[in-house]
file entry_32.csv (CSV, C-alpha atoms)
chain,number,residue,atom,x,y,z
A,1,PHE,CA,162.3,113.5,-10.3
A,2,GLU,CA,166.0,112.9,-9.8
A,3,LYS,CA,166.8,116.0,-11.8
A,4,GLN,CA,164.4,118.0,-9.6
A,5,VAL,CA,166.1,116.8,-6.5
A,6,ARG,CA,169.6,117.5,-7.9
A,7,ASP,CA,168.6,121.0,-9.0
A,8,SER,CA,167.1,121.6,-5.6
A,9,MET,CA,170.3,120.6,-3.9
A,10,ILE,CA,172.4,122.8,-6.2
A,11,TYR,CA,170.1,125.8,-5.5
A,12,ALA,CA,170.3,125.2,-1.8
A,13,ASP,CA,174.1,125.0,-1.9
A,14,ARG,CA,174.2,128.3,-3.8
A,15,LYS,CA,172.1,129.9,-1.1
A,16,ARG,CA,174.6,128.7,1.6
A,17,LYS,CA,177.6,130.0,-0.3
A,18,LYS,CA,175.8,133.3,-0.8
A,19,THR,CA,174.9,133.4,2.9
A,20,ILE,CA,178.6,133.2,3.9
A,21,ALA,CA,179.5,135.9,1.3
A,22,MET,CA,176.7,138.0,2.8
A,23,ALA,CA,178.2,137.5,6.3
A,24,VAL,CA,181.5,138.8,5.0
A,25,ASP,CA,179.7,141.8,3.4
A,26,ALA,CA,177.7,142.4,6.6
A,27,LEU,CA,180.9,142.8,8.7
A,28,ARG,CA,182.4,145.0,6.0
A,29,SER,CA,179.4,147.2,6.0
A,30,CYS,CA,179.7,147.6,9.8
A,31,GLY,CA,183.2,149.1,9.3
A,32,MET,CA,185.1,145.9,10.1
A,33,SER,CA,188.5,145.6,8.4
A,34,ARG,CA,190.5,142.9,10.2
A,35,PHE,CA,188.2,140.0,10.5
A,36,HIS,CA,187.6,136.5,9.1
A,37,ILE,CA,184.9,133.8,8.9
A,38,GLU,CA,185.6,130.4,10.3
A,39,VAL,CA,183.7,127.5,8.7
A,40,GLY,CA,183.0,124.0,9.8
A,41,HIS,CA,180.6,121.2,9.2
A,42,ALA,CA,178.2,119.7,11.7
A,43,ASP,CA,178.2,116.2,10.0
A,44,PHE,CA,182.0,115.8,10.4
A,45,PHE,CA,181.8,115.5,14.2
A,46,ARG,CA,178.7,113.4,14.0
A,47,SER,CA,180.2,110.9,11.6
A,48,LEU,CA,183.2,110.5,13.9
A,49,ALA,CA,181.1,110.1,17.0
A,50,GLU,CA,179.0,107.4,15.4
A,51,GLN,CA,182.1,105.3,15.0
A,52,MET,CA,182.7,105.3,18.8
A,53,SER,CA,181.0,102.9,21.1
A,54,MET,CA,180.4,105.7,23.5
A,55,PRO,CA,177.3,106.5,25.6
A,56,GLU,CA,175.3,109.5,24.5
A,57,ASP,CA,176.0,111.5,27.6
A,58,GLU,CA,179.8,111.1,27.0
A,59,VAL,CA,179.3,112.1,23.4
A,60,GLU,CA,177.8,115.3,24.6
A,61,GLN,CA,180.6,115.8,27.1
A,62,MET,CA,183.1,115.2,24.3
A,63,ARG,CA,181.2,117.8,22.1
A,64,ALA,CA,181.5,120.3,24.9
A,65,CYS,CA,185.3,119.6,25.3
A,66,ILE,CA,185.9,120.1,21.6
A,67,GLU,CA,183.7,123.2,21.3
A,68,GLY,CA,185.5,124.7,24.3
A,69,LYS,CA,188.9,123.4,23.2
A,70,ASN,CA,189.4,121.7,26.6
A,71,TYR,CA,192.3,119.5,25.4
A,72,ALA,CA,193.1,117.9,28.8
A,73,LEU,CA,189.6,116.8,29.6
A,74,LEU,CA,189.1,115.6,26.1
A,75,ASN,CA,192.2,113.4,26.3
A,76,ASP,CA,191.0,111.9,29.6
A,77,LEU,CA,187.5,111.3,28.2
A,78,LEU,CA,188.9,109.5,25.1
A,79,GLU,CA,191.6,107.5,26.8
A,80,PRO,CA,189.3,104.4,27.5
A,81,TYR,CA,188.4,104.3,23.8
A,82,LYS,CA,191.9,104.3,22.5
A,83,GLY,CA,192.2,102.1,19.5
A,84,GLN,CA,188.8,102.7,18.1
A,85,ASP,CA,188.5,103.9,14.5
A,86,ALA,CA,187.8,107.6,15.2
A,87,TYR,CA,189.9,108.0,18.3
A,88,ALA,CA,192.9,109.8,16.6
A,89,ALA,CA,190.6,112.1,14.6
A,90,LEU,CA,188.5,113.1,17.6
A,91,LYS,CA,191.5,113.7,19.8
A,92,ARG,CA,193.0,116.0,17.1
A,93,LEU,CA,189.7,117.7,16.3
A,94,PRO,CA,190.1,120.8,18.5
A,95,TYR,CA,193.4,121.5,16.8
A,96,LEU,CA,192.0,121.4,13.3
A,97,PHE,CA,191.6,125.1,12.6
A,98,GLY,CA,193.4,127.3,10.1
A,99,GLY,CA,193.7,127.5,6.3
A,100,VAL,CA,192.6,125.0,3.6
A,101,GLU,CA,195.4,122.7,4.7
A,102,VAL,CA,193.3,121.7,7.7
A,103,LEU,CA,191.0,119.8,5.3
A,104,ASP,CA,194.1,117.8,4.1
A,105,GLU,CA,195.0,116.8,7.7
A,106,ALA,CA,191.4,115.9,8.5
A,107,GLU,CA,191.3,113.6,5.5
A,108,GLU,CA,194.5,111.9,6.5
A,109,LEU,CA,193.0,111.2,10.0
A,110,ALA,CA,189.4,110.3,9.0
A,111,GLY,CA,189.5,109.5,5.3
A,112,SER,CA,187.5,111.2,2.6
A,113,CYS,CA,183.9,112.0,3.4
A,114,ASP,CA,181.1,114.2,2.1
A,115,SER,CA,181.4,116.9,4.6
A,116,LEU,CA,185.1,117.5,3.8
A,117,GLU,CA,184.5,117.4,0.1
A,118,TYR,CA,181.6,119.9,0.6
A,119,LEU,CA,183.9,122.3,2.5
A,120,ARG,CA,186.6,122.1,-0.3
A,121,GLN,CA,184.0,122.9,-2.9
A,122,LEU,CA,182.6,125.7,-0.8
A,123,TYR,CA,186.1,127.3,-0.3
A,124,SER,CA,186.8,126.9,-4.0
A,125,GLU,CA,183.7,128.8,-5.0
A,126,LEU,CA,184.1,131.5,-2.3
A,127,ALA,CA,187.8,132.0,-3.3
A,128,ALA,CA,186.7,132.3,-7.0
A,129,ALA,CA,184.3,135.0,-5.9
A,130,GLY,CA,187.0,137.0,-4.1
A,131,TYR,CA,186.3,135.9,-0.5
A,132,GLY,CA,189.0,133.3,-0.1
A,133,ALA,CA,191.4,135.5,2.0
A,134,LEU,CA,188.6,136.0,4.6
A,135,VAL,CA,187.6,132.3,5.0
A,136,ARG,CA,189.3,129.9,7.4
A,137,PHE,CA,188.3,126.5,8.8
A,138,ASP,CA,187.6,125.2,12.3
A,139,LEU,CA,186.5,121.6,12.2
A,140,GLY,CA,186.1,121.7,16.0
A,141,LEU,CA,183.2,124.1,15.5
A,142,VAL,CA,180.6,121.5,16.7
A,143,HIS,CA,178.0,123.6,18.6
A,144,GLN,CA,176.5,122.3,21.8
A,145,ILE,CA,173.1,123.4,20.5
A,146,ASP,CA,172.8,120.5,18.1
A,147,TYR,CA,170.2,121.6,15.5
A,148,TYR,CA,172.7,122.4,12.7
A,149,THR,CA,172.6,120.0,9.8
A,150,GLY,CA,175.5,121.0,7.6
A,151,VAL,CA,177.9,124.0,7.2
A,152,VAL,CA,178.4,126.2,10.3
A,153,PHE,CA,180.4,129.4,10.6
A,154,ARG,CA,181.4,132.2,12.9
A,155,GLY,CA,182.9,135.6,12.4
A,156,TYR,CA,185.8,136.9,14.4
A,157,VAL,CA,187.3,140.4,14.5
A,158,GLU,CA,191.0,140.8,15.3
A,159,GLY,CA,191.5,141.7,19.0
A,160,VAL,CA,188.1,140.4,20.1
A,161,GLY,CA,188.1,137.0,21.9
A,162,SER,CA,184.5,136.0,21.2
A,163,PRO,CA,182.6,135.7,17.8
A,164,VAL,CA,180.7,138.7,16.5
A,165,LEU,CA,178.7,136.7,14.0
A,166,SER,CA,177.4,133.1,14.1
A,167,GLY,CA,175.3,131.0,11.7
A,168,GLY,CA,174.9,127.8,9.7
A,169,ARG,CA,172.5,125.4,8.0
A,170,TYR,CA,169.5,124.1,10.0
A,171,ASP,CA,167.2,122.2,7.6
A,172,HIS,CA,165.0,120.6,10.3
A,173,LEU,CA,164.5,123.5,12.7
A,174,VAL,CA,161.7,125.3,10.9
A,175,GLU,CA,159.6,122.1,10.6
A,176,ARG,CA,159.4,122.0,14.4
A,177,PHE,CA,157.2,125.0,14.0
A,178,GLY,CA,154.8,123.4,11.5
A,179,ARG,CA,156.4,123.9,8.0
A,180,PRO,CA,159.2,121.8,6.6
A,181,ALA,CA,161.8,124.1,5.0
A,182,GLU,CA,165.5,124.2,4.4
A,183,ALA,CA,167.2,127.1,6.1
A,184,THR,CA,170.6,128.9,6.3
A,185,GLY,CA,171.2,132.1,8.2
A,186,PHE,CA,173.3,134.0,10.6
A,187,ALA,CA,173.0,136.6,13.4
A,188,VAL,CA,175.3,139.5,14.1
A,189,ASP,CA,176.1,140.4,17.8
A,190,VAL,CA,175.5,144.1,17.5
A,191,ASP,CA,177.0,144.9,21.0
A,192,ALA,CA,180.2,143.0,20.1
A,193,VAL,CA,180.5,144.8,16.8
A,194,GLY,CA,179.9,148.1,18.6
A,195,SER,CA,182.7,147.4,21.0
A,196,CYS,CA,185.0,147.0,18.0
A,197,LEU,CA,184.1,150.4,16.8
A,198,SER,CA,184.5,152.2,20.1
A,199,ALA,CA,187.4,154.2,18.9
A,200,SER,CA,185.2,155.9,16.3
A,201,VAL,CA,182.2,156.3,18.4
A,202,PRO,CA,182.0,159.6,20.4
A,203,LYS,CA,182.5,159.1,24.1
A,204,LEU,CA,180.9,160.9,27.0
A,205,GLU,CA,183.4,163.3,28.5
A,206,ILE,CA,181.5,165.8,30.6
A,207,VAL,CA,178.3,165.4,32.6
A,208,VAL,CA,176.6,168.6,33.7
A,209,HIS,CA,174.0,168.1,36.5
A,210,TYR,CA,171.4,170.8,37.4
A,211,GLU,CA,168.3,170.9,39.4
A,212,GLN,CA,164.9,172.0,38.2
A,213,GLY,CA,164.8,175.8,37.7
call {"tool": "encode", "arguments": {"input": "entry_32.csv", "output": "structure tokens"}}
result
Amino acid sequence: FEKQVRDSMIYADRKRKKTIAMAVDALRSCGMSRFHIEVGHADFFRSLAEQMSMPEDEVEQMRACIEGKNYALLNDLLEPYKGQDAYAALKRLPYLFGGVEVLDEAEELAGSCDSLEYLRQLYSELAAAGYGALVRFDLGLVHQIDYYTGVVFRGYVEGVGSPVLSGGRYDHLVERFGRPAEATGFAVDVDAVGSCLSASVPKLEIVVHYEQG
């Protein structure tokens, strides 16, 4: 039984790695050249929040501050909890984005944990498959819609301020509709991708109006 569970977890992890690789390939196939995928993990924020003696409504407010990178409001919200175990890590969380060195800083602040180890392994395997240069990290990617259960990711194109792709792992979402199933997926914002390609899309230059007859 233990071997079956372990094999199932390995298979699920492979699917998630393939999903991120597929996200990269999807943007490439759309004609994107200067883009990257930012990866985070939903459990990292949850594990930090659980260490704080903070009411649930304030936890959700903190989540919104981190997601929106509202540094000033986050500092004000955390000030009464200064000295608690996860205070320093949560205060720094919106700044933890960039290359693989972000995971080192996160570990210094919060200690080693499963979510950080998972991201290291994920990056190692994606890099070995040739996707490393297009993968970055954002540990402040916490999502206000809290149904993600593991890795989360977004795709960004150079020169566009909002994500053109978004996805992650949501193992408990499908069971709400009657069938338990692990799931990982993503969606592409077609309009956002189209706006990135506007230079190569023919534009309307002349309109000729005529009446019937």
call {"tool": "atom_distance", "arguments": {"input": "entry_32.csv", "atom1": "atom CA of Ala64 of chain A", "atom2": "atom CA of Phe45 of chain A"}}
result
11.7 Å
call {"tool": "residues_around", "arguments": {"input": "entry_32.csv", "residues": "segment 180-188 of chain A", "least_positions_apart": "2", "cutoff": "12 Å", "atoms": "only C-alpha atoms", "output": "ChimeraX atom specification"}}
result
/A:8-9,11-27,29-30,37,147-156,163-178,190-194
call {"tool": "atom_distance", "arguments": {"input": "entry_32.csv", "atom1": "atom CA of Phe44 of chain A", "atom2": "atom CA of Gly83 of chain A"}}
result
19.4 Å
call {"tool": "closest_residue", "arguments": {"input": "entry_32.csv", "among": "A:Asp189, A:Ser124, A:Glu50, A:Val157", "to": "Gly31 of chain A", "atoms": "all atoms listed in the file"}}
result
A:Val157
call {"tool": "atom_distance", "arguments": {"input": "entry_32.csv", "atom1": "atom CA of Leu78 of chain A", "atom2": "atom CA of Gln51 of chain A"}}
result
12.9 Å
call {"tool": "closest_atom_pairs", "arguments": {"input": "entry_32.csv", "of": "segment 134-153 of chain A", "to": "segment 103-113 of chain A", "cutoff": "10 Å", "atoms": "all atoms listed in the file", "output": "CSV"}}
result
residue,atom,partner,partner_atom,distance
A:Phe137,CA,A:Leu103,CA,8.0
A:Asp138,CA,A:Leu103,CA,9.5
A:Leu139,CA,A:Ala106,CA,8.4
call {"tool": "axis_aligned_box", "arguments": {"input": "entry_32.csv", "around": "segment 49-65 of chain A", "padding_each_side": "5 Å", "output": "JSON"}}
result
{"center_x": 180.3, "center_y": 111.6, "center_z": 21.3, "size_x": 20.0, "size_y": 27.4, "size_z": 22.6}
call {"tool": "decode", "arguments": {"input": "entry_32.csv", "residues": "segment 68-104 of chain A", "atoms": "N, CA, C and O atoms", "output": "PDB file, in the first residue's frame"}}
result
ATOM      1  N   GLY A  68      -1.200  41.673  -3.372  1.00  0.00           N
ATOM      2  CA  GLY A  68      -1.145  42.964  -4.060  1.00  0.00           C
ATOM      3  C   GLY A  68       0.149  43.720  -3.834  1.00  0.00           C
ATOM      4  O   GLY A  68       0.299  44.853  -4.301  1.00  0.00           O
ATOM      5  N   LYS A  69       1.071  43.122  -3.079  1.00  0.00           N
ATOM      6  CA  LYS A  69       2.359  43.747  -2.733  1.00  0.00           C
ATOM      7  C   LYS A  69       2.145  45.150  -2.145  1.00  0.00           C
ATOM      8  O   LYS A  69       2.806  46.116  -2.513  1.00  0.00           O
ATOM      9  N   ASN A  70       1.194  45.214  -1.216  1.00  0.00           N
ATOM     10  CA  ASN A  70       0.898  46.448  -0.496  1.00  0.00           C
ATOM     11  C   ASN A  70       1.764  46.464   0.763  1.00  0.00           C
ATOM     12  O   ASN A  70       1.344  46.086   1.853  1.00  0.00           O
ATOM     13  N   TYR A  71       3.008  46.901   0.596  1.00  0.00           N
ATOM     14  CA  TYR A  71       4.007  46.804   1.661  1.00  0.00           C
ATOM     15  C   TYR A  71       3.623  47.619   2.899  1.00  0.00           C
ATOM     16  O   TYR A  71       3.756  47.140   4.027  1.00  0.00           O
ATOM     17  N   ALA A  72       3.149  48.837   2.703  1.00  0.00           N
ATOM     18  CA  ALA A  72       2.849  49.724   3.831  1.00  0.00           C
ATOM     19  C   ALA A  72       1.726  49.154   4.699  1.00  0.00           C
ATOM     20  O   ALA A  72       1.842  49.100   5.930  1.00  0.00           O
ATOM     21  N   LEU A  73       0.638  48.725   4.061  1.00  0.00           N
ATOM     22  CA  LEU A  73      -0.483  48.189   4.828  1.00  0.00           C
ATOM     23  C   LEU A  73      -0.115  46.882   5.514  1.00  0.00           C
ATOM     24  O   LEU A  73      -0.542  46.613   6.643  1.00  0.00           O
ATOM     25  N   LEU A  74       0.703  46.064   4.850  1.00  0.00           N
ATOM     26  CA  LEU A  74       1.148  44.808   5.462  1.00  0.00           C
ATOM     27  C   LEU A  74       1.970  45.083   6.722  1.00  0.00           C
ATOM     28  O   LEU A  74       1.786  44.423   7.751  1.00  0.00           O
ATOM     29  N   ASN A  75       2.855  46.064   6.659  1.00  0.00           N
ATOM     30  CA  ASN A  75       3.655  46.412   7.832  1.00  0.00           C
ATOM     31  C   ASN A  75       2.778  46.854   8.996  1.00  0.00           C
ATOM     32  O   ASN A  75       3.006  46.462  10.145  1.00  0.00           O
ATOM     33  N   ASP A  76       1.767  47.671   8.696  1.00  0.00           N
ATOM     34  CA  ASP A  76       0.851  48.137   9.744  1.00  0.00           C
ATOM     35  C   ASP A  76       0.075  46.969  10.343  1.00  0.00           C
ATOM     36  O   ASP A  76      -0.142  46.909  11.561  1.00  0.00           O
ATOM     37  N   LEU A  77      -0.349  46.036   9.493  1.00  0.00           N
ATOM     38  CA  LEU A  77      -1.132  44.895   9.950  1.00  0.00           C
ATOM     39  C   LEU A  77      -0.307  43.965  10.837  1.00  0.00           C
ATOM     40  O   LEU A  77      -0.804  43.406  11.831  1.00  0.00           O
ATOM     41  N   LEU A  78       0.967  43.800  10.508  1.00  0.00           N
ATOM     42  CA  LEU A  78       1.826  42.877  11.241  1.00  0.00           C
ATOM     43  C   LEU A  78       2.427  43.479  12.512  1.00  0.00           C
ATOM     44  O   LEU A  78       2.880  42.734  13.395  1.00  0.00           O
ATOM     45  N   GLU A  79       2.455  44.797  12.611  1.00  0.00           N
ATOM     46  CA  GLU A  79       3.134  45.461  13.734  1.00  0.00           C
ATOM     47  C   GLU A  79       2.689  44.941  15.101  1.00  0.00           C
ATOM     48  O   GLU A  79       3.538  44.694  15.980  1.00  0.00           O
ATOM     49  N   PRO A  80       1.382  44.736  15.352  1.00  0.00           N
ATOM     50  CA  PRO A  80       0.971  44.227  16.678  1.00  0.00           C
ATOM     51  C   PRO A  80       1.472  42.820  16.975  1.00  0.00           C
ATOM     52  O   PRO A  80       1.430  42.374  18.118  1.00  0.00           O
ATOM     53  N   TYR A  81       1.944  42.097  15.942  1.00  0.00           N
ATOM     54  CA  TYR A  81       2.379  40.710  16.118  1.00  0.00           C
ATOM     55  C   TYR A  81       3.891  40.579  16.067  1.00  0.00           C
ATOM     56  O   TYR A  81       4.419  39.479  15.920  1.00  0.00           O
ATOM     57  N   LYS A  82       4.556  41.703  16.192  1.00  0.00           N
ATOM     58  CA  LYS A  82       6.017  41.702  16.152  1.00  0.00           C
ATOM     59  C   LYS A  82       6.555  40.808  17.270  1.00  0.00           C
ATOM     60  O   LYS A  82       6.123  40.876  18.408  1.00  0.00           O
ATOM     61  N   GLY A  83       7.518  39.954  16.914  1.00  0.00           N
ATOM     62  CA  GLY A  83       8.089  39.044  17.893  1.00  0.00           C
ATOM     63  C   GLY A  83       7.578  37.625  17.776  1.00  0.00           C
ATOM     64  O   GLY A  83       8.192  36.699  18.305  1.00  0.00           O
ATOM     65  N   GLN A  84       6.451  37.433  17.076  1.00  0.00           N
ATOM     66  CA  GLN A  84       5.968  36.076  16.861  1.00  0.00           C
ATOM     67  C   GLN A  84       6.833  35.361  15.819  1.00  0.00           C
ATOM     68  O   GLN A  84       7.509  35.990  14.999  1.00  0.00           O
ATOM     69  N   ASP A  85       6.797  34.038  15.836  1.00  0.00           N
ATOM     70  CA  ASP A  85       7.742  33.217  15.076  1.00  0.00           C
ATOM     71  C   ASP A  85       7.813  33.571  13.594  1.00  0.00           C
ATOM     72  O   ASP A  85       8.901  33.651  13.017  1.00  0.00           O
ATOM     73  N   ALA A  86       6.665  33.765  12.959  1.00  0.00           N
ATOM     74  CA  ALA A  86       6.643  33.949  11.504  1.00  0.00           C
ATOM     75  C   ALA A  86       6.599  35.420  11.098  1.00  0.00           C
ATOM     76  O   ALA A  86       6.472  35.722   9.907  1.00  0.00           O
ATOM     77  N   TYR A  87       6.737  36.320  12.048  1.00  0.00           N
ATOM     78  CA  TYR A  87       6.613  37.757  11.757  1.00  0.00           C
ATOM     79  C   TYR A  87       7.580  38.209  10.670  1.00  0.00           C
ATOM     80  O   TYR A  87       7.191  38.828   9.675  1.00  0.00           O
ATOM     81  N   ALA A  88       8.875  37.895  10.831  1.00  0.00           N
ATOM     82  CA  ALA A  88       9.893  38.377   9.892  1.00  0.00           C
ATOM     83  C   ALA A  88       9.671  37.802   8.496  1.00  0.00           C
ATOM     84  O   ALA A  88       9.808  38.511   7.495  1.00  0.00           O
ATOM     85  N   ALA A  89       9.310  36.519   8.414  1.00  0.00           N
ATOM     86  CA  ALA A  89       9.108  35.885   7.109  1.00  0.00           C
ATOM     87  C   ALA A  89       7.901  36.476   6.394  1.00  0.00           C
ATOM     88  O   ALA A  89       7.944  36.738   5.189  1.00  0.00           O
ATOM     89  N   LEU A  90       6.805  36.692   7.125  1.00  0.00           N
ATOM     90  CA  LEU A  90       5.605  37.257   6.508  1.00  0.00           C
ATOM     91  C   LEU A  90       5.825  38.693   6.060  1.00  0.00           C
ATOM     92  O   LEU A  90       5.338  39.116   5.009  1.00  0.00           O
ATOM     93  N   LYS A  91       6.564  39.456   6.843  1.00  0.00           N
ATOM     94  CA  LYS A  91       6.851  40.841   6.481  1.00  0.00           C
ATOM     95  C   LYS A  91       7.691  40.903   5.202  1.00  0.00           C
ATOM     96  O   LYS A  91       7.533  41.811   4.373  1.00  0.00           O
ATOM     97  N   ARG A  92       8.550  39.925   5.027  1.00  0.00           N
ATOM     98  CA  ARG A  92       9.443  39.890   3.868  1.00  0.00           C
ATOM     99  C   ARG A  92       8.813  39.210   2.657  1.00  0.00           C
ATOM    100  O   ARG A  92       9.294  39.359   1.527  1.00  0.00           O
ATOM    101  N   LEU A  93       7.712  38.500   2.854  1.00  0.00           N
ATOM    102  CA  LEU A  93       7.148  37.634   1.818  1.00  0.00           C
ATOM    103  C   LEU A  93       6.873  38.340   0.484  1.00  0.00           C
ATOM    104  O   LEU A  93       7.178  37.775  -0.579  1.00  0.00           O
ATOM    105  N   PRO A  94       6.321  39.554   0.456  1.00  0.00           N
ATOM    106  CA  PRO A  94       6.066  40.191  -0.845  1.00  0.00           C
ATOM    107  C   PRO A  94       7.332  40.486  -1.645  1.00  0.00           C
ATOM    108  O   PRO A  94       7.264  40.714  -2.854  1.00  0.00           O
ATOM    109  N   TYR A  95       8.480  40.505  -0.961  1.00  0.00           N
ATOM    110  CA  TYR A  95       9.748  40.803  -1.634  1.00  0.00           C
ATOM    111  C   TYR A  95      10.446  39.549  -2.163  1.00  0.00           C
ATOM    112  O   TYR A  95      11.466  39.661  -2.854  1.00  0.00           O
ATOM    113  N   LEU A  96       9.923  38.385  -1.828  1.00  0.00           N
ATOM    114  CA  LEU A  96      10.612  37.146  -2.167  1.00  0.00           C
ATOM    115  C   LEU A  96      10.242  36.687  -3.571  1.00  0.00           C
ATOM    116  O   LEU A  96       9.502  35.714  -3.761  1.00  0.00           O
ATOM    117  N   PHE A  97      10.763  37.399  -4.551  1.00  0.00           N
ATOM    118  CA  PHE A  97      10.563  36.996  -5.939  1.00  0.00           C
ATOM    119  C   PHE A  97      11.868  37.191  -6.697  1.00  0.00           C
ATOM    120  O   PHE A  97      12.646  38.095  -6.402  1.00  0.00           O
ATOM    121  N   GLY A  98      12.111  36.304  -7.655  1.00  0.00           N
ATOM    122  CA  GLY A  98      13.348  36.371  -8.433  1.00  0.00           C
ATOM    123  C   GLY A  98      13.822  34.974  -8.790  1.00  0.00           C
ATOM    124  O   GLY A  98      13.018  34.070  -9.025  1.00  0.00           O
ATOM    125  N   GLY A  99      15.133  34.780  -8.784  1.00  0.00           N
ATOM    126  CA  GLY A  99      15.720  33.502  -9.166  1.00  0.00           C
ATOM    127  C   GLY A  99      15.702  32.497  -8.034  1.00  0.00           C
ATOM    128  O   GLY A  99      15.078  32.709  -6.985  1.00  0.00           O
ATOM    129  N   VAL A 100      16.432  31.415  -8.220  1.00  0.00           N
ATOM    130  CA  VAL A 100      16.430  30.334  -7.245  1.00  0.00           C
ATOM    131  C   VAL A 100      16.993  30.776  -5.905  1.00  0.00           C
ATOM    132  O   VAL A 100      16.728  30.155  -4.858  1.00  0.00           O
ATOM    133  N   GLU A 101      17.733  31.888  -5.880  1.00  0.00           N
ATOM    134  CA  GLU A 101      18.271  32.397  -4.616  1.00  0.00           C
ATOM    135  C   GLU A 101      17.167  32.814  -3.647  1.00  0.00           C
ATOM    136  O   GLU A 101      17.379  32.898  -2.426  1.00  0.00           O
ATOM    137  N   VAL A 102      15.969  33.075  -4.165  1.00  0.00           N
ATOM    138  CA  VAL A 102      14.815  33.420  -3.335  1.00  0.00           C
ATOM    139  C   VAL A 102      14.513  32.296  -2.346  1.00  0.00           C
ATOM    140  O   VAL A 102      14.140  32.545  -1.195  1.00  0.00           O
ATOM    141  N   LEU A 103      14.691  31.055  -2.774  1.00  0.00           N
ATOM    142  CA  LEU A 103      14.426  29.921  -1.900  1.00  0.00           C
ATOM    143  C   LEU A 103      15.420  29.881  -0.746  1.00  0.00           C
ATOM    144  O   LEU A 103      15.068  29.487   0.374  1.00  0.00           O
ATOM    145  N   ASP A 104      16.661  30.300  -1.004  1.00  0.00           N
ATOM    146  CA  ASP A 104      17.657  30.353   0.065  1.00  0.00           C
ATOM    147  C   ASP A 104      17.268  31.379   1.125  1.00  0.00           C
ATOM    148  O   ASP A 104      17.353  31.105   2.330  1.00  0.00           O
TER     149      ASP A 104
END
